[in-house]
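Following: one structure in structure tokens, then a few remarks.
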Amino acid sequence: MSREVPLTTAEHDFIVEALKRNVRLDGRGIDELRPLNISFGDEYGHVKVQLGHTSLIVLMSAEVVKPHSDRPFDGIFTVSLELTNMGSPAWENGRQSDLEQNVTRTLDRVIRHSNALDTETLCIMKGQSCWGIRADVHVTNYDGNLIDCACIGIMTGLQHFRCPDAVVKDGKVSVYSIDERVPIPLNLTHRPLTITFHTFHDGELILMDASRKEELAAEGDMVIALNDAGQVCAVYKTVGRPVGAVDVMRKTSIALQKVQEIKNTIQKALDDDQSKRTRRNVGVEANSANDR
Amino acid sequence: MASPSILLPGDDVLLDLRSTTSTPLKVGAGLRLLHESATSTPPSYTVTAIHAGLLSTDNKRNAISVLSFANHRYIATINDLVIAQIHHSSLDYLHCIVTPHTPYALLGQLAFEGATKKTRPVLKPGDLVYARVLSVGVGAGTEVELVCVNPATGKAEPGGLGPLVGGMVFDVSVGFAARLMRASSTSAPGDTDVIILDELGKKLEHKGGFEVAVGRNGKVWIDCSSNKDIAVQATIAIGRCLTETDTCNLDPIEQRKLVSRTLRAARIDP
């Protein structure tokens, strides 16, 4: 029984018909995101993202591991995303679905392969030890557009996370806990974000940030990944009718605006959290006078 | 009316029904009859709540039920009206989805008004039917059976049972669906706190009105096709009014405001 319930004919026809008049079920515009809310937990790298009714939690963690033998100077960064029953009753625990594969692959390409996190800075000792940074994504509610939501979560997590300080002394690695030394923010080379579109009416209409029902009614999808400098990192189109080049260009410029908007939201959330932490610790971390 | 009594699952219901002798007791949604001793006069019953909610008693019909809160889990109860989605069809039955991710409910191929082997409605996967729960079975693994006809009379009773064509379905909470049903069945105004459908009906009457079917499984079907120009806008406006009333738990005054605000935003009501 654990399968996504197909859309009823009435719902499908109505959504498609309404989109002909540029009307969406929740009253949004064609190129409009759902309300985005980002909040943080107590620990560094604990991020909660809500995009409309889609919500997820990202938890960053770091441990000292041995680097891959072919890349002795590189640290390791992994993204782990598992779709469990917690997110939607349609997902079965321990079985990989197409959606999971698709989301994981896209996130891998956009964030990991574009080298958003500079893994060379994670090296502690050549070929011996490095930091293994891990981002665990837990989906808590699913209402479409998992890719964008997870991408926002991971990128915010990378910016929020602080890695403990590690020092090599006489060939031995010692890690200082967060209380002993000020932990170090991760070194990011750029900040890519994805914007997902769905196509309707033979690729005539291209819709941003589809909800679950709109995704089910859509013909195909298109993911555009851009970084904050306005560079296109990736464009994916897996299924559906072809989309014209002019449309892709047009949507890319709209996506860039949205990426800037999201970036500002993330920055604001990070600033708010930072000032909250400073107030709570009465500057314990900010003023800690340790010599490094 | 006495102060509302709040029930938790497992609570015994203290029956306070005066006219128990004439009509048999009707046990509605959220309650289960555990024991009945017919020998004593008046007959005594042991009824236990299986949902949390407010006890609602109807002395005239000698019926009791539980008004549940805004939960999203529907448990089928006999005589509930539900909106089911056809999943697939077999020789004798249509297999329907009443609640997602649960076993399919069965709807007889001939359980429609005036249906014979030749005249039965042809329903495709994804089509919607408005149906009544005939039986729910006892124990695990039993199937829910639906009908679109009253087996005794052969008519679609209460009216409107059968395939739902066109329109749009909106998801609301099970508790809200029950409140909508109750609002339409009680005639006395002021007895209900859900006036949203009445209000929408009044405002949209001169625009051709709309058709509505409320399923106890948390689905509301809306059809505004009588007025082609505003059909899409009106349907979406109604759907948004309903979901907002449900999620924000609005009182009647706020519901009135919401209706005029939403219709104005959709440029339907000047």
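Lettering and numbering for the structure tokens are positional, with chains as A, B, ... in the shown order, residues counted from 1 in each chain, and ligands counted from 1 in the shown order.
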### Message
List as JSON, numbers by chain the protein and nucleic acid residues near Val64 of chain A, meaning an atom at most 8 Å away when only C-alpha atoms are counted, but skip any in the same chain fewer than 4 places from it.
### Response
{"A": [129, 130, 131, 132]}
Could you turn the residues from that selection into a file that holds C-alpha atoms, as a PDB file, in the first residue's frame?
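Okay, this is what ended up in part-v3.pdb:
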```pdb
ATOM      1  CA  SER A 129      43.620  12.050   8.916  1.00  0.00           C
ATOM      2  CA  CYS A 130      41.090  14.550   7.711  1.00  0.00           C
ATOM      3  CA  TRP A 131      37.664  15.785   8.652  1.00  0.00           C
ATOM      4  CA  GLY A 132      34.690  13.834   7.395  1.00  0.00           C
TER       5      GLY A 132
END
```
Exercise for the section: With a distance threshold of 8 Å and counting only C-alpha atoms, extract the residues of chain A near chain B and express them as a PyMOL selection string. Expected result: chain A and resi 1-3+5-11+14+17-18+23+25-26+89-90
Atom CA of Asn71 of chain B to atom CA of Ser173 of chain B measures 5.6 Å
Note to self: I'd like the neighbourhood of segment 177-184 of chain A as a PyMOL selection string, where a residue qualifies if any of its atoms comes within 6 Å (using only C-alpha atoms), though same-chain residues fewer than 5 positions away should be ignored.
What the structure shows: chain A and resi 162-165
- Item | alpha helix (DSSP H) residues, from DSSP on the backbone, in segment 62-218 of chain A, as JSON, numbers by chain | {"A": [98, 99, 100, 101, 102, 103, 104, 105, 106, 107, 146, 147, 148, 149, 150, 151, 152, 153, 154, 155, 156, 157, 158, 159, 160, 212, 213, 214, 215, 216, 217]}
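With atom CA of Phe112 of chain B on one side and atom CA of Gly209 of chain B on the other, the separation reads 26.7 Å.
Atom CA of Val47 of chain A to atom CA of Gly27 of chain A spans 28.2 Å [interatomic distance, one decimal].
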Got a sec: who's within 8 Å of Arg191 of chain A, counting only C-alpha atoms, leaving out chain neighbours fewer than 3 positions off, as a short mmCIF file (atom, residue, chain, number, x, y, z; two decimals) with N, CA, C and O atoms, in the first residue's frame?
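Here's the written file out.cif:
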```
data_model
loop_
_atom_site.label_atom_id
_atom_site.label_comp_id
_atom_site.auth_asym_id
_atom_site.auth_seq_id
_atom_site.Cartn_x
_atom_site.Cartn_y
_atom_site.Cartn_z
N ALA A 116 31.32 22.98 -3.59
CA ALA A 116 30.85 24.10 -2.77
C ALA A 116 31.62 24.15 -1.45
O ALA A 116 32.01 25.20 -0.98
N MET A 155 22.90 23.87 2.33
CA MET A 155 23.75 25.05 2.18
C MET A 155 23.72 25.91 3.45
O MET A 155 24.74 26.44 3.87
N LEU A 188 33.75 27.71 2.35
CA LEU A 188 32.91 27.47 1.18
C LEU A 188 33.45 28.25 -0.01
O LEU A 188 33.80 29.42 0.12
N ASN A 227 24.72 29.79 -8.43
CA ASN A 227 25.33 30.23 -7.19
C ASN A 227 25.09 31.72 -6.99
O ASN A 227 24.51 32.38 -7.85
N ASP A 228 25.56 32.24 -5.86
CA ASP A 228 25.22 33.62 -5.52
C ASP A 228 25.92 34.62 -6.44
O ASP A 228 25.53 35.78 -6.52
#
```
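Closest approach to Leu83 of chain A from the set A:Tyr142, A:Val239, A:Gly244, A:Met125 is made by A:Tyr142, with distances taken over only C-alpha atoms.
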>> Report as a ChimeraX atom specification all protein, DNA and RNA residues lying within 10 Å of Pro158 of chain B, evaluated on only C-alpha atoms, omitting residues in the same chain fewer than 6 positions from it.
In response: /B:81,131-132,148-150
As a PyMOL selection string, list the residues of segment 98-231 of chain A assigned to strand (DSSP E or B) by DSSP on the backbone atoms of this structure.
chain A and resi 117+123-125+129-141+162-163+165-169+172-176+184-185+188+193-200+205-208+220-226
